[in-house]
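So this block is upload16.txt, compact mmCIF, C-alpha atoms:
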```
# COMPACT_ATOMS: atom_id res chain seq x y z
CA MET A 1 9.12 18.18 -3.15
CA ILE A 2 12.29 19.53 -4.74
CA LYS A 3 13.28 21.47 -1.63
CA LEU A 4 12.79 18.38 0.50
CA ARG A 5 14.95 16.41 -1.99
CA PHE A 6 12.07 13.99 -2.55
CA ALA A 7 12.29 14.77 -6.26
CA SER A 8 15.12 15.90 -8.52
CA PRO A 9 13.56 16.36 -11.94
CA GLU A 10 15.84 17.18 -14.84
CA MET A 11 13.15 19.33 -16.33
CA LEU A 12 10.02 21.02 -15.03
CA VAL A 13 7.23 22.28 -17.24
CA ASP A 14 5.23 25.12 -15.74
CA ILE A 15 1.58 24.88 -16.76
CA ASN A 16 0.56 28.11 -15.01
CA ASP A 17 0.41 30.11 -18.22
CA LEU A 18 -1.71 27.59 -20.16
CA PRO A 19 -5.01 29.27 -21.01
CA GLY A 20 -8.44 27.81 -20.29
CA LEU A 21 -7.64 25.52 -17.36
CA ASP A 22 -8.76 27.68 -14.43
CA TYR A 23 -12.45 26.86 -14.64
CA LEU A 24 -14.99 25.59 -12.12
CA ARG A 25 -18.09 24.50 -14.02
CA ARG A 26 -21.35 22.73 -13.24
CA ASP A 27 -23.14 20.79 -15.97
CA ASP A 28 -26.92 20.92 -16.26
CA ASP A 29 -27.15 17.46 -14.70
CA GLY A 30 -25.13 18.60 -11.67
CA MET A 31 -21.68 17.19 -12.50
CA LEU A 32 -18.81 19.46 -11.41
CA HIS A 33 -15.60 20.07 -13.38
CA ILE A 34 -12.56 21.63 -11.71
CA GLY A 35 -9.81 22.67 -14.13
CA ALA A 36 -6.15 21.98 -13.37
CA LEU A 37 -5.45 25.67 -12.73
CA CYS A 38 -8.48 26.39 -10.55
CA ARG A 39 -6.92 27.74 -7.31
CA HIS A 40 -7.96 26.82 -3.79
CA GLY A 41 -8.85 30.49 -3.27
CA ALA A 42 -11.29 30.44 -6.19
CA LEU A 43 -12.99 27.38 -4.68
CA GLU A 44 -13.10 29.10 -1.28
CA ARG A 45 -14.90 32.12 -2.76
CA SER A 46 -17.13 30.13 -5.11
CA SER A 47 -20.87 30.71 -4.74
CA LEU A 48 -21.39 27.67 -6.98
CA LEU A 49 -19.79 25.39 -4.36
CA ALA A 50 -21.53 27.20 -1.51
CA THR A 51 -24.85 26.44 -3.19
CA HIS A 52 -24.29 22.98 -4.64
CA GLN A 53 -21.33 21.21 -3.04
CA PRO A 54 -21.18 21.55 0.77
CA THR A 55 -18.30 19.10 1.39
CA MET A 56 -16.01 20.99 -0.98
CA ALA A 57 -17.23 24.36 0.24
CA SER A 58 -16.39 23.51 3.85
CA ALA A 59 -12.96 22.10 2.96
CA ALA A 60 -11.74 24.95 0.73
CA PRO A 61 -11.11 27.48 3.56
CA LEU A 62 -9.17 24.85 5.54
CA VAL A 63 -6.59 24.06 2.85
CA ALA A 64 -3.11 25.40 3.77
CA ASP A 65 -3.28 29.15 4.47
CA PRO A 66 -4.81 32.12 2.60
CA ILE A 67 -1.59 33.02 0.74
CA VAL A 68 -0.87 29.46 -0.36
CA ARG A 69 -4.51 29.20 -1.50
CA ASN A 70 -3.80 31.93 -4.06
CA ARG A 71 -1.40 29.65 -5.93
CA GLY A 72 -2.21 26.05 -5.03
CA THR A 73 -4.78 24.04 -6.95
CA LEU A 74 -7.13 21.16 -6.18
CA VAL A 75 -5.75 19.12 -9.06
CA GLY A 76 -2.18 19.82 -7.93
CA SER A 77 -3.06 18.65 -4.45
CA LEU A 78 -4.54 15.40 -5.81
CA CYS A 79 -1.46 14.74 -7.95
CA HIS A 80 0.85 15.51 -5.02
CA ALA A 81 -0.86 12.59 -3.22
CA ASP A 82 0.26 13.62 0.25
CA PRO A 83 -1.61 11.47 2.81
CA GLN A 84 -2.19 14.75 4.64
CA GLY A 85 -3.83 16.37 1.60
CA ASP A 86 -7.35 17.63 2.20
CA TRP A 87 -8.69 17.43 -1.34
CA ALA A 88 -7.91 13.73 -1.82
CA SER A 89 -10.22 12.88 1.10
CA VAL A 90 -12.90 15.27 -0.07
CA MET A 91 -12.82 13.94 -3.62
CA ALA A 92 -12.73 10.32 -2.45
CA SER A 93 -15.80 10.93 -0.28
CA LEU A 94 -17.57 12.37 -3.34
CA ASP A 95 -16.58 9.45 -5.61
CA GLY A 96 -14.72 12.04 -7.69
CA SER A 97 -12.30 11.32 -10.50
CA VAL A 98 -9.40 12.90 -12.29
CA VAL A 99 -9.13 13.21 -16.05
CA ALA A 100 -5.60 12.48 -17.24
CA GLN A 101 -4.38 13.38 -20.70
CA GLY A 102 -1.42 11.83 -22.48
CA PRO A 103 -0.27 11.10 -26.02
CA ASN A 104 -2.96 8.40 -26.36
CA GLY A 105 -5.83 10.64 -25.34
CA ARG A 106 -7.77 11.06 -22.12
CA ARG A 107 -8.68 8.62 -19.39
CA THR A 108 -10.75 9.05 -16.25
CA VAL A 109 -9.52 7.55 -12.98
CA LEU A 110 -11.43 7.44 -9.68
CA VAL A 111 -9.54 9.39 -7.00
CA LYS A 112 -9.82 6.30 -4.78
CA GLU A 113 -7.82 4.38 -7.39
CA PHE A 114 -5.60 7.28 -8.46
CA VAL A 115 -3.57 7.52 -5.27
CA ARG A 116 -1.29 4.52 -4.72
CA GLY A 117 0.57 5.61 -1.61
CA PRO A 118 2.44 8.56 -0.18
CA PHE A 119 3.29 10.89 -3.10
CA GLN A 120 2.45 8.12 -5.56
CA THR A 121 -0.26 8.03 -8.19
CA VAL A 122 -1.10 5.88 -11.21
CA LEU A 123 -0.27 8.81 -13.50
CA ALA A 124 2.15 7.82 -16.28
CA VAL A 125 5.25 9.93 -16.87
CA ASP A 126 3.79 11.31 -20.11
CA GLU A 127 0.37 12.19 -18.64
CA ILE A 128 -0.94 15.26 -16.85
CA VAL A 129 -4.23 15.70 -15.05
CA VAL A 130 -6.30 18.33 -16.84
CA GLU A 131 -9.35 18.35 -14.58
CA ALA A 132 -11.10 16.75 -11.64
CA VAL A 133 -14.77 15.81 -11.82
CA VAL A 134 -17.44 15.22 -9.19
CA PRO A 135 -20.44 13.15 -10.30
CA ALA A 136 -23.92 14.62 -10.04
CA PRO A 137 -25.52 13.95 -6.65
CA GLN A 138 -28.19 11.26 -6.35
CA GLY A 139 -30.71 13.62 -4.77
CA GLN A 140 -29.73 16.49 -2.51
CA ALA A 141 -25.99 16.78 -1.70
CA ALA A 142 -25.03 17.31 1.94
CA GLY A 143 -21.79 16.94 3.85
CA GLY A 144 -18.86 18.63 5.48
CA TYR A 145 -15.13 18.56 6.19
CA LEU A 146 -13.43 18.94 9.54
CA LYS A 147 -9.70 19.09 10.21
CA LEU A 148 -7.67 19.36 13.38
CA GLU A 149 -4.41 21.24 12.88
CA ARG A 150 -2.05 22.72 15.44
CA ARG A 151 -2.04 26.02 13.57
CA VAL A 152 -3.20 27.30 10.20
CA GLY A 153 -1.15 25.72 7.43
CA ASP A 154 0.20 22.84 9.50
CA PHE A 155 -0.29 19.26 8.38
CA ALA A 156 -3.53 17.74 9.62
CA THR A 157 -3.47 15.85 12.89
CA ALA A 158 -6.59 14.23 11.47
CA GLY A 159 -9.29 15.23 9.02
CA VAL A 160 -12.63 13.74 7.99
CA ALA A 161 -14.62 14.32 4.80
CA VAL A 162 -18.27 13.27 4.73
CA SER A 163 -20.56 13.46 1.73
CA ILE A 164 -24.09 12.11 1.53
CA ASP A 165 -26.84 12.42 -1.07
CA ARG A 166 -30.42 12.29 0.15
CA THR A 167 -33.84 11.89 -1.41
CA GLY A 168 -36.36 13.04 1.13
CA ASN A 169 -34.61 12.03 4.35
CA LYS A 170 -33.30 8.73 2.99
CA VAL A 171 -29.57 8.51 2.28
CA THR A 172 -29.06 7.35 -1.31
CA ARG A 173 -25.25 7.54 -1.46
CA ALA A 174 -22.57 8.13 1.16
CA GLY A 175 -18.82 8.65 1.21
CA ILE A 176 -16.46 9.07 4.16
CA ALA A 177 -12.71 9.56 3.76
CA LEU A 178 -9.92 10.31 6.24
CA THR A 179 -6.95 12.69 6.06
CA GLY A 180 -3.61 12.22 7.76
CA VAL A 181 -4.32 8.98 9.60
CA GLY A 182 -2.43 6.52 7.44
CA GLY A 183 0.10 6.09 4.64
CA SER A 184 -2.42 7.46 2.15
CA THR A 185 -5.94 8.83 2.05
CA ILE A 186 -8.30 6.28 3.60
CA SER A 187 -11.80 5.61 2.31
CA ALA A 188 -13.96 4.45 5.21
CA ASP A 189 -16.27 2.49 2.92
CA ASP A 190 -17.84 0.31 5.63
CA ALA A 191 -18.80 3.40 7.61
CA ALA A 192 -20.29 5.02 4.51
CA GLN A 193 -22.19 1.94 3.37
CA LEU A 194 -23.89 1.67 6.74
CA LEU A 195 -25.61 5.00 6.14
CA VAL A 196 -27.14 4.11 2.76
CA GLY A 197 -30.80 3.19 2.43
CA GLN A 198 -32.12 4.76 5.62
CA PRO A 199 -32.58 8.16 7.25
CA LEU A 200 -29.81 9.54 9.49
CA GLY A 201 -30.35 8.91 13.18
CA ALA A 202 -28.34 9.06 16.37
CA GLU A 203 -27.76 5.32 16.49
CA VAL A 204 -26.53 4.90 12.92
CA ILE A 205 -24.34 7.98 13.26
CA GLY A 206 -22.67 6.47 16.32
CA GLU A 207 -22.04 3.18 14.51
CA ALA A 208 -20.67 4.92 11.40
CA ALA A 209 -18.34 7.03 13.54
CA GLU A 210 -17.06 3.87 15.21
CA LEU A 211 -16.42 2.17 11.85
CA ALA A 212 -14.63 5.29 10.56
CA ALA A 213 -12.38 5.27 13.64
CA GLN A 214 -11.62 1.58 13.03
CA ALA A 215 -10.72 2.32 9.39
CA ALA A 216 -8.09 4.86 10.46
CA GLN A 217 -4.49 3.61 10.58
CA PRO A 218 -2.79 6.44 12.48
CA PHE A 219 0.74 6.53 13.85
CA SER A 220 1.63 8.04 17.21
CA ASP A 221 3.79 11.10 16.66
CA HIS A 222 4.30 14.66 17.92
CA ARG A 223 0.76 15.54 16.75
CA GLY A 224 -0.86 12.95 18.98
CA SER A 225 -1.11 9.30 19.90
CA GLU A 226 -2.73 6.67 17.75
CA SER A 227 -5.75 6.44 20.05
CA PHE A 228 -6.14 10.22 20.20
CA LYS A 229 -6.22 10.45 16.39
CA ARG A 230 -8.77 7.65 16.22
CA GLN A 231 -10.89 9.54 18.70
CA VAL A 232 -10.64 12.69 16.57
CA VAL A 233 -11.89 10.70 13.55
CA ARG A 234 -14.76 9.29 15.65
CA VAL A 235 -15.79 12.73 16.93
CA PHE A 236 -15.46 14.50 13.56
CA THR A 237 -17.49 11.84 11.72
CA SER A 238 -20.19 12.01 14.35
CA ARG A 239 -20.12 15.82 14.43
CA ILE A 240 -20.51 16.28 10.67
CA LEU A 241 -23.32 13.71 10.44
CA SER A 242 -25.10 15.13 13.50
CA ARG A 243 -25.07 18.58 11.91
CA LEU A 244 -26.66 17.10 8.79
CA LEU A 245 -29.28 15.46 10.96
CA GLY A 246 -29.92 18.82 12.59
CA SER A 247 -30.19 20.62 9.24
CA GLU A 248 -32.64 17.97 8.06
CA GLU A 249 -34.86 18.52 11.10
CA GLU A 250 -34.71 22.28 10.64
CA ALA A 251 -35.77 21.92 7.01
CA ALA A 252 -38.69 19.66 7.97
CA MET B 1 20.70 43.58 -16.50
CA SER B 2 21.66 41.45 -13.53
CA ASN B 3 23.49 38.25 -14.31
CA LEU B 4 22.50 36.01 -11.52
CA TYR B 5 23.66 32.45 -11.43
CA GLU B 6 26.41 30.78 -9.55
CA VAL B 7 28.56 28.41 -11.54
CA LEU B 8 29.29 25.24 -9.65
CA PRO B 9 32.95 24.15 -9.86
CA SER B 10 32.05 20.80 -11.46
CA VAL B 11 30.28 22.25 -14.47
CA SER B 12 31.55 24.64 -17.05
CA GLU B 13 29.71 27.90 -17.44
CA ASP B 14 28.35 26.82 -20.83
CA ASP B 15 26.54 23.86 -19.28
CA VAL B 16 24.44 25.91 -16.90
CA PRO B 17 21.05 26.45 -18.46
CA VAL B 18 19.87 30.02 -18.07
CA ARG B 19 16.75 31.96 -18.92
CA LYS B 20 16.17 35.63 -19.33
CA VAL B 21 13.33 36.99 -17.24
CA THR B 22 11.73 40.41 -17.33
CA ILE B 23 9.54 41.31 -14.38
CA ARG B 24 7.78 44.54 -13.60
CA VAL B 25 8.96 45.13 -10.02
CA ASN B 26 7.39 48.00 -8.13
CA GLY B 27 6.44 49.61 -11.44
CA GLU B 28 9.87 49.29 -13.02
CA SER B 29 10.71 46.72 -15.69
CA LEU B 30 13.73 44.70 -14.53
CA SER B 31 15.52 41.91 -16.38
CA ALA B 32 17.92 39.22 -15.27
CA VAL B 33 19.55 36.10 -16.60
CA VAL B 34 18.87 33.33 -14.14
CA GLU B 35 19.11 29.62 -13.63
CA PRO B 36 15.61 28.14 -13.92
CA ARG B 37 15.94 26.79 -10.36
CA LEU B 38 16.41 30.26 -8.84
CA LEU B 39 13.61 31.23 -6.48
CA LEU B 40 11.79 34.52 -6.88
CA ALA B 41 12.73 35.55 -3.32
CA HIS B 42 16.41 35.11 -4.14
CA LEU B 43 16.18 37.05 -7.40
CA LEU B 44 14.52 39.92 -5.56
CA ARG B 45 17.04 39.94 -2.74
CA GLN B 46 20.32 39.04 -4.42
CA GLY B 47 19.66 40.05 -8.03
CA PHE B 48 17.63 43.19 -7.61
CA LYS B 49 19.02 44.04 -4.14
CA LEU B 50 15.51 44.45 -2.77
CA THR B 51 16.30 42.99 0.63
CA GLY B 52 13.04 44.03 2.24
CA THR B 53 11.59 40.69 1.19
CA HIS B 54 12.75 38.27 3.87
CA THR B 55 13.26 34.53 3.63
CA GLY B 56 12.29 32.98 6.93
CA CYS B 57 11.38 29.32 6.77
CA ASP B 58 11.95 28.57 3.07
CA THR B 59 9.07 26.08 3.25
CA SER B 60 5.90 28.16 2.61
CA ASN B 61 5.04 28.30 6.29
CA CYS B 62 6.05 31.68 7.67
CA GLY B 63 5.04 34.22 5.02
CA ALA B 64 7.99 36.59 5.62
CA CYS B 65 8.75 36.41 1.88
CA THR B 66 5.24 37.45 0.82
CA VAL B 67 5.09 39.72 -2.22
CA LEU B 68 2.20 40.68 -4.46
CA LEU B 69 2.10 38.88 -7.81
CA ASP B 70 -0.33 40.71 -10.06
CA GLY B 71 -1.87 42.13 -6.89
CA GLN B 72 -2.26 38.82 -5.04
CA PRO B 73 -0.10 37.82 -2.08
CA VAL B 74 2.20 34.86 -2.83
CA LYS B 75 5.12 33.30 -0.97
CA SER B 76 8.12 34.19 -3.10
CA CYS B 77 10.27 31.41 -1.58
CA THR B 78 7.99 28.87 -3.23
CA MET B 79 8.01 30.25 -6.75
CA PHE B 80 10.72 30.14 -9.33
CA ALA B 81 11.88 33.49 -10.66
CA VAL B 82 11.11 32.29 -14.20
CA GLN B 83 7.45 31.86 -13.19
CA ALA B 84 7.23 35.60 -12.60
CA ASP B 85 8.48 36.38 -16.11
CA GLY B 86 6.11 38.89 -17.70
CA HIS B 87 4.21 39.49 -14.47
CA ASP B 88 3.88 42.36 -11.99
CA VAL B 89 5.59 41.99 -8.62
CA MET B 90 5.24 44.41 -5.72
CA THR B 91 7.61 44.20 -2.77
CA ILE B 92 7.67 46.11 0.50
CA GLU B 93 9.95 48.68 -1.20
CA GLY B 94 7.07 49.52 -3.54
CA LEU B 95 4.59 50.48 -0.82
CA ALA B 96 5.75 54.09 -0.59
CA GLY B 97 8.53 56.35 -1.83
CA PRO B 98 11.84 56.67 0.07
CA SER B 99 10.79 59.76 2.00
CA GLU B 100 7.22 58.78 2.83
CA LEU B 101 5.29 56.09 4.65
CA HIS B 102 2.34 54.06 3.41
CA ALA B 103 -0.63 54.07 5.80
CA LEU B 104 0.26 50.48 6.73
CA GLN B 105 3.83 51.43 7.60
CA GLU B 106 2.52 54.35 9.63
CA GLY B 107 0.00 52.06 11.32
CA PHE B 108 2.66 49.52 12.31
CA LYS B 109 4.68 52.41 13.78
CA GLU B 110 1.76 54.03 15.62
CA GLU B 111 0.38 50.79 17.04
CA HIS B 112 3.76 49.17 17.71
CA GLY B 113 2.90 46.36 15.29
CA LEU B 114 6.40 44.90 15.28
CA GLN B 115 9.17 43.91 17.60
CA CYS B 116 12.07 42.25 15.77
CA GLY B 117 10.57 43.25 12.41
CA PHE B 118 11.47 40.10 10.52
CA CYS B 119 7.89 39.16 9.61
CA THR B 120 6.81 42.77 9.02
CA PRO B 121 7.34 43.05 5.24
CA GLY B 122 5.23 39.94 4.68
CA MET B 123 2.58 41.14 7.14
CA MET B 124 2.34 44.46 5.30
CA MET B 125 2.12 42.94 1.82
CA THR B 126 -0.64 40.54 2.84
CA SER B 127 -2.43 43.42 4.57
CA LYS B 128 -2.05 45.57 1.46
CA ALA B 129 -3.85 42.95 -0.63
CA LEU B 130 -6.53 42.61 2.04
CA LEU B 131 -7.19 46.36 2.20
CA ASP B 132 -7.22 46.63 -1.60
CA GLU B 133 -10.01 44.06 -1.68
CA ASN B 134 -11.75 44.89 1.58
CA PRO B 135 -11.08 48.50 2.72
CA ASN B 136 -12.96 48.12 6.00
CA PRO B 137 -12.17 44.67 7.40
CA THR B 138 -13.31 43.38 10.78
CA GLU B 139 -10.80 42.10 13.29
CA ASP B 140 -11.75 38.53 12.38
CA GLU B 141 -11.22 39.21 8.69
CA ILE B 142 -7.76 40.64 9.39
CA ARG B 143 -6.80 37.64 11.54
CA TRP B 144 -8.10 35.28 8.83
CA ALA B 145 -6.20 37.09 6.05
CA LEU B 146 -2.96 37.12 8.09
CA SER B 147 -3.22 33.49 9.19
CA GLY B 148 -0.50 32.51 6.71
CA ASN B 149 1.98 35.01 8.16
CA LEU B 150 3.73 33.98 11.34
CA CYS B 151 5.05 36.37 13.98
CA ARG B 152 7.04 34.98 16.90
CA CYS B 153 7.29 38.25 18.88
CA THR B 154 4.12 40.24 19.09
CA GLY B 155 1.30 37.80 19.75
CA TYR B 156 -0.44 39.49 16.80
CA GLN B 157 -2.52 41.92 18.90
CA ASN B 158 -0.73 45.02 17.73
CA ILE B 159 -0.39 43.77 14.18
CA VAL B 160 -4.16 43.54 13.95
CA LYS B 161 -4.49 47.01 15.51
CA ALA B 162 -1.95 48.37 13.01
CA VAL B 163 -3.94 47.07 10.05
CA MET B 164 -7.14 48.55 11.50
CA TRP B 165 -5.31 51.85 11.99
CA ALA B 166 -4.23 51.80 8.34
CA ALA B 167 -7.73 50.91 7.15
CA THR B 168 -9.17 53.89 9.02
CA LYS B 169 -6.49 56.21 7.72
CA LEU B 170 -6.95 55.08 4.11
CA GLN B 171 -10.72 55.50 4.41
CA ASP B 172 -10.35 59.02 5.83
CA GLN B 173 -8.14 60.05 2.92
```

Rewrite the coordinates I just gave you, this time as structure tokens.
Amino acid sequence: MIKLRFASPEMLVDINDLPGLDYLRRDDDGMLHIGALCRHGALERSSLLATHQPTMASAAPLVADPIVRNRGTLVGSLCHADPQGDWASVMASLDGSVVAQGPNGRRTVLVKEFVRGPFQTVLAVDEIVVEAVVPAPQGQAAGGYLKLERRVGDFATAGVAVSIDRTGNKVTRAGIALTGVGGSTISADDAAQLLVGQPLGAEVIGEAAELAAQAAQPFSDHRGSESFKRQVVRVFTSRILSRLLGSEEEAA
Amino acid sequence: MSNLYEVLPSVSEDDVPVRKVTIRVNGESLSAVVEPRLLLAHLLRQGFKLTGTHTGCDTSNCGACTVLLDGQPVKSCTMFAVQADGHDVMTIEGLAGPSELHALQEGFKEEHGLQCGFCTPGMMMTSKALLDENPNPTEDEIRWALSGNLCRCTGYQNIVKAVMWAATKLQDQ
């Protein structure tokens, strides 16, 4: 941000040496806590995520590149609020929140309400985000993240995060969010709501993919035309959900 | 101690905020007085005259500036020098002594893993961290680990071969 002259702060406070903020923790009830200094690389290598949180586990290896993942953090990515940021979509699809701390104590803000626009959040100047939280799944968590990028580390042409919770084969909660196809992270709530209350099936997957594509607000640029990006959203939504349908049939 | 800050004509020297940093670079404790805005890559190159670390894109894309911070590869163009205060930094100059070659350097020579050589220091530092963690990587693992280091000459084939060559050599030792 400073190099791009988007920001010229008079003072920067480096939080990297603060102790006790690099955790990834799962409560007994299944809620996840990601500390402000938990690096992308730690999430990528986490067996906890691999076991319990498939949407995050599939996104972690796609964030930036392996070297950047050694330094960058999930919380930093959320606060950066780049419409191309992967974690904002993932956390929005999971109904995740950030916990901000300021002089008047802590407050919890849904990621969907935290990001106000490109590089803009509701964070006050005297607040910092100390952790991100993902609520416990309502049943069995399933999901995935797909991103199209021209090369590793490039901004996303388009990305889709899907998260569903299931009891038996019935979807009890669903979230779908889109990366890089609008002025900020887009929650495709209509697409997600369609999935709730029934088992996954080819027909409902097709309809949800269509609604997700309609929710996208892409611009035509050097990464692709508006219609191409919409098509990527359609295909990725369908692909992630179809894989979940496949995994369900395998399990049964 | 290096004194490394430029004084802009519009401000007097007293107005420039400076910090003292002490970094263990390639095993040697080095100190400098720097402006807080100075990047680690620039301190290494201009302050400590370790010009093996290259600055390519200056935007965290290319990886030519990769150094090891406490053993982990980081892009030194995207870190302030003051953030490395009290930490260990290893640059390409620290891989081997002046009259010897590290297995990676030998591998890049044997397998022709470079053409213009600009990306090579970053390639080697990332590979060093990979081999420290995973002494016997597959080709896919090497390509994955090096995916944050760009090379515009080689097409990567010989870079991957060079890292495999080094892995074999280090395992035989």

Please, what distance in Å, to one decimal, runs between atom CA of Ser227 of chain A and atom CA of Tyr145 of chain A?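 These atoms are spaced 20.7 Å apart.
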
For the point (6.1, 40.9, 6.9) in file coordinates, what residues are within 9 Å, counting all atoms listed in the file? Give the answer as a list in words?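 Returned residue set, sorted by chain then number, is Gly52, Thr53, His54, Gly63, Ala64, Cys65, Thr66, Ile92, Gly117, Phe118, Cys119, Thr120, Pro121, Gly122, Met123, Met124, Met125, Thr126, Asn149, Leu150 and Cys151 of chain B.
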
Take the point (-2.3, 41.5, 21.5) in the file's coordinates, draw a sphere of radius 12 Å around it, and report as a list in words every protein, DNA or RNA residue with an atom inside or on it, counting all atoms listed in the file.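 Nearby residues: Glu111, His112, Gly113, Leu114, Glu139, Arg143, Cys151, Cys153, Thr154, Gly155, Tyr156, Gln157, Asn158, Ile159, Val160, Lys161 and Ala162 of chain B.
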
Restricting it to C-alpha atoms, dump the selection as a short mmCIF file (atom, residue, chain, number, x, y, z; two decimals), keeping the file's coordinate frame.
```cif
data_model
loop_
_atom_site.label_atom_id
_atom_site.label_comp_id
_atom_site.auth_asym_id
_atom_site.auth_seq_id
_atom_site.Cartn_x
_atom_site.Cartn_y
_atom_site.Cartn_z
CA GLU B 111 0.38 50.79 17.04
CA HIS B 112 3.76 49.17 17.71
CA GLY B 113 2.90 46.36 15.29
CA LEU B 114 6.40 44.90 15.28
CA GLU B 139 -10.80 42.10 13.29
CA ARG B 143 -6.80 37.64 11.54
CA CYS B 151 5.05 36.37 13.98
CA CYS B 153 7.29 38.25 18.88
CA THR B 154 4.12 40.24 19.09
CA GLY B 155 1.30 37.80 19.75
CA TYR B 156 -0.44 39.49 16.80
CA GLN B 157 -2.52 41.92 18.90
CA ASN B 158 -0.73 45.02 17.73
CA ILE B 159 -0.39 43.77 14.18
CA VAL B 160 -4.16 43.54 13.95
CA LYS B 161 -4.49 47.01 15.51
CA ALA B 162 -1.95 48.37 13.01
#
```

Given the choices B:Leu170, B:Val82, B:Val74, B:Ile142, which gets closest to chain A if the distance is worked out from only C-alpha atoms?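 Result for the nearest residue to chain A: B:Val74.
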
Could you write out as a PDB file with C-alpha atoms, in the coordinates of the input the residues of chain A within 7 Å of chain B, counting all atoms listed in the file?
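Final output, iface06.pdb:
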```pdb
ATOM      1  CA  ASP A  65      -3.280  29.150   4.470  1.00  0.00           C
ATOM      2  CA  PRO A  66      -4.810  32.120   2.600  1.00  0.00           C
ATOM      3  CA  ILE A  67      -1.590  33.020   0.740  1.00  0.00           C
ATOM      4  CA  VAL A  68      -0.870  29.460  -0.360  1.00  0.00           C
ATOM      5  CA  ASN A  70      -3.800  31.930  -4.060  1.00  0.00           C
ATOM      6  CA  VAL A 152      -3.200  27.300  10.200  1.00  0.00           C
ATOM      7  CA  GLY A 153      -1.150  25.720   7.430  1.00  0.00           C
TER       8      GLY A 153
END
```

Would you mind telling me which residue in A:Val90, A:Leu146, A:Val233, A:Leu245 lies nearest to Gly175 of chain A when using only C-alpha atoms?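 The closest residue to Gly175 of chain A is A:Val90.
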
Spatial neighbours of segment 37-46 of chain A, 10 Å, all atoms listed in the file, chain gap at least 2 places, as a JSON list (two decimals) with C-alpha atoms, keeping the file's coordinate frame:
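out-v1.json, written as the output of this step:
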```json
[["chain", "number", "residue", "atom", "x", "y", "z"],
["A", 15, "ILE", "CA", 1.58, 24.88, -16.76],
["A", 16, "ASN", "CA", 0.56, 28.11, -15.01],
["A", 17, "ASP", "CA", 0.41, 30.11, -18.22],
["A", 18, "LEU", "CA", -1.71, 27.59, -20.16],
["A", 19, "PRO", "CA", -5.01, 29.27, -21.01],
["A", 20, "GLY", "CA", -8.44, 27.81, -20.29],
["A", 21, "LEU", "CA", -7.64, 25.52, -17.36],
["A", 22, "ASP", "CA", -8.76, 27.68, -14.43],
["A", 23, "TYR", "CA", -12.45, 26.86, -14.64],
["A", 24, "LEU", "CA", -14.99, 25.59, -12.12],
["A", 33, "HIS", "CA", -15.60, 20.07, -13.38],
["A", 34, "ILE", "CA", -12.56, 21.63, -11.71],
["A", 35, "GLY", "CA", -9.81, 22.67, -14.13],
["A", 48, "LEU", "CA", -21.39, 27.67, -6.98],
["A", 49, "LEU", "CA", -19.79, 25.39, -4.36],
["A", 50, "ALA", "CA", -21.53, 27.20, -1.51],
["A", 51, "THR", "CA", -24.85, 26.44, -3.19],
["A", 56, "MET", "CA", -16.01, 20.99, -0.98],
["A", 57, "ALA", "CA", -17.23, 24.36, 0.24],
["A", 58, "SER", "CA", -16.39, 23.51, 3.85],
["A", 59, "ALA", "CA", -12.96, 22.10, 2.96],
["A", 60, "ALA", "CA", -11.74, 24.95, 0.73],
["A", 61, "PRO", "CA", -11.11, 27.48, 3.56],
["A", 62, "LEU", "CA", -9.17, 24.85, 5.54],
["A", 63, "VAL", "CA", -6.59, 24.06, 2.85],
["A", 64, "ALA", "CA", -3.11, 25.40, 3.77],
["A", 65, "ASP", "CA", -3.28, 29.15, 4.47],
["A", 66, "PRO", "CA", -4.81, 32.12, 2.60],
["A", 67, "ILE", "CA", -1.59, 33.02, 0.74],
["A", 68, "VAL", "CA", -0.87, 29.46, -0.36],
["A", 69, "ARG", "CA", -4.51, 29.20, -1.50],
["A", 70, "ASN", "CA", -3.80, 31.93, -4.06],
["A", 71, "ARG", "CA", -1.40, 29.65, -5.93],
["A", 72, "GLY", "CA", -2.21, 26.05, -5.03],
["A", 73, "THR", "CA", -4.78, 24.04, -6.95],
["A", 74, "LEU", "CA", -7.13, 21.16, -6.18],
["A", 75, "VAL", "CA", -5.75, 19.12, -9.06],
["A", 76, "GLY", "CA", -2.18, 19.82, -7.93],
["A", 77, "SER", "CA", -3.06, 18.65, -4.45],
["A", 87, "TRP", "CA", -8.69, 17.43, -1.34],
["A", 130, "VAL", "CA", -6.30, 18.33, -16.84],
["A", 131, "GLU", "CA", -9.35, 18.35, -14.58]]
```

How far is it from atom CA of Leu68 of chain B to atom CA of Gly85 of chain A, in Å with one decimal?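 Those two atoms sit 25.8 Å apart.
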
Determine, counting only C-alpha atoms, which protein, DNA and RNA residues have an atom within 7 Å of an atom of segment 102-111 of chain A; residues of the same chain fewer than 2 positions away are not included. Present the result as a list in words.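 Here the answer would be Ala88, Met91, Ala92, Asp95, Gly96, Ser97, Val98, Val99, Ala100, Glu113, Phe114, Val115, Asp126, Glu127 and Ile128 of chain A.
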
Residues within 7 Å of Asp85 of chain B, only C-alpha atoms, excluding chain neighbours under 3 positions, as an mmCIF file with C-alpha atoms, keeping the file's coordinate frame:
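Output (around-v8.cif):
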```cif
data_model
loop_
_atom_site.group_PDB
_atom_site.id
_atom_site.type_symbol
_atom_site.label_atom_id
_atom_site.label_comp_id
_atom_site.auth_asym_id
_atom_site.auth_seq_id
_atom_site.Cartn_x
_atom_site.Cartn_y
_atom_site.Cartn_z
ATOM 1 C CA VAL B 21 13.330 36.990 -17.240
ATOM 2 C CA THR B 22 11.730 40.410 -17.330
ATOM 3 C CA ILE B 23 9.540 41.310 -14.380
ATOM 4 C CA VAL B 82 11.110 32.290 -14.200
#
```
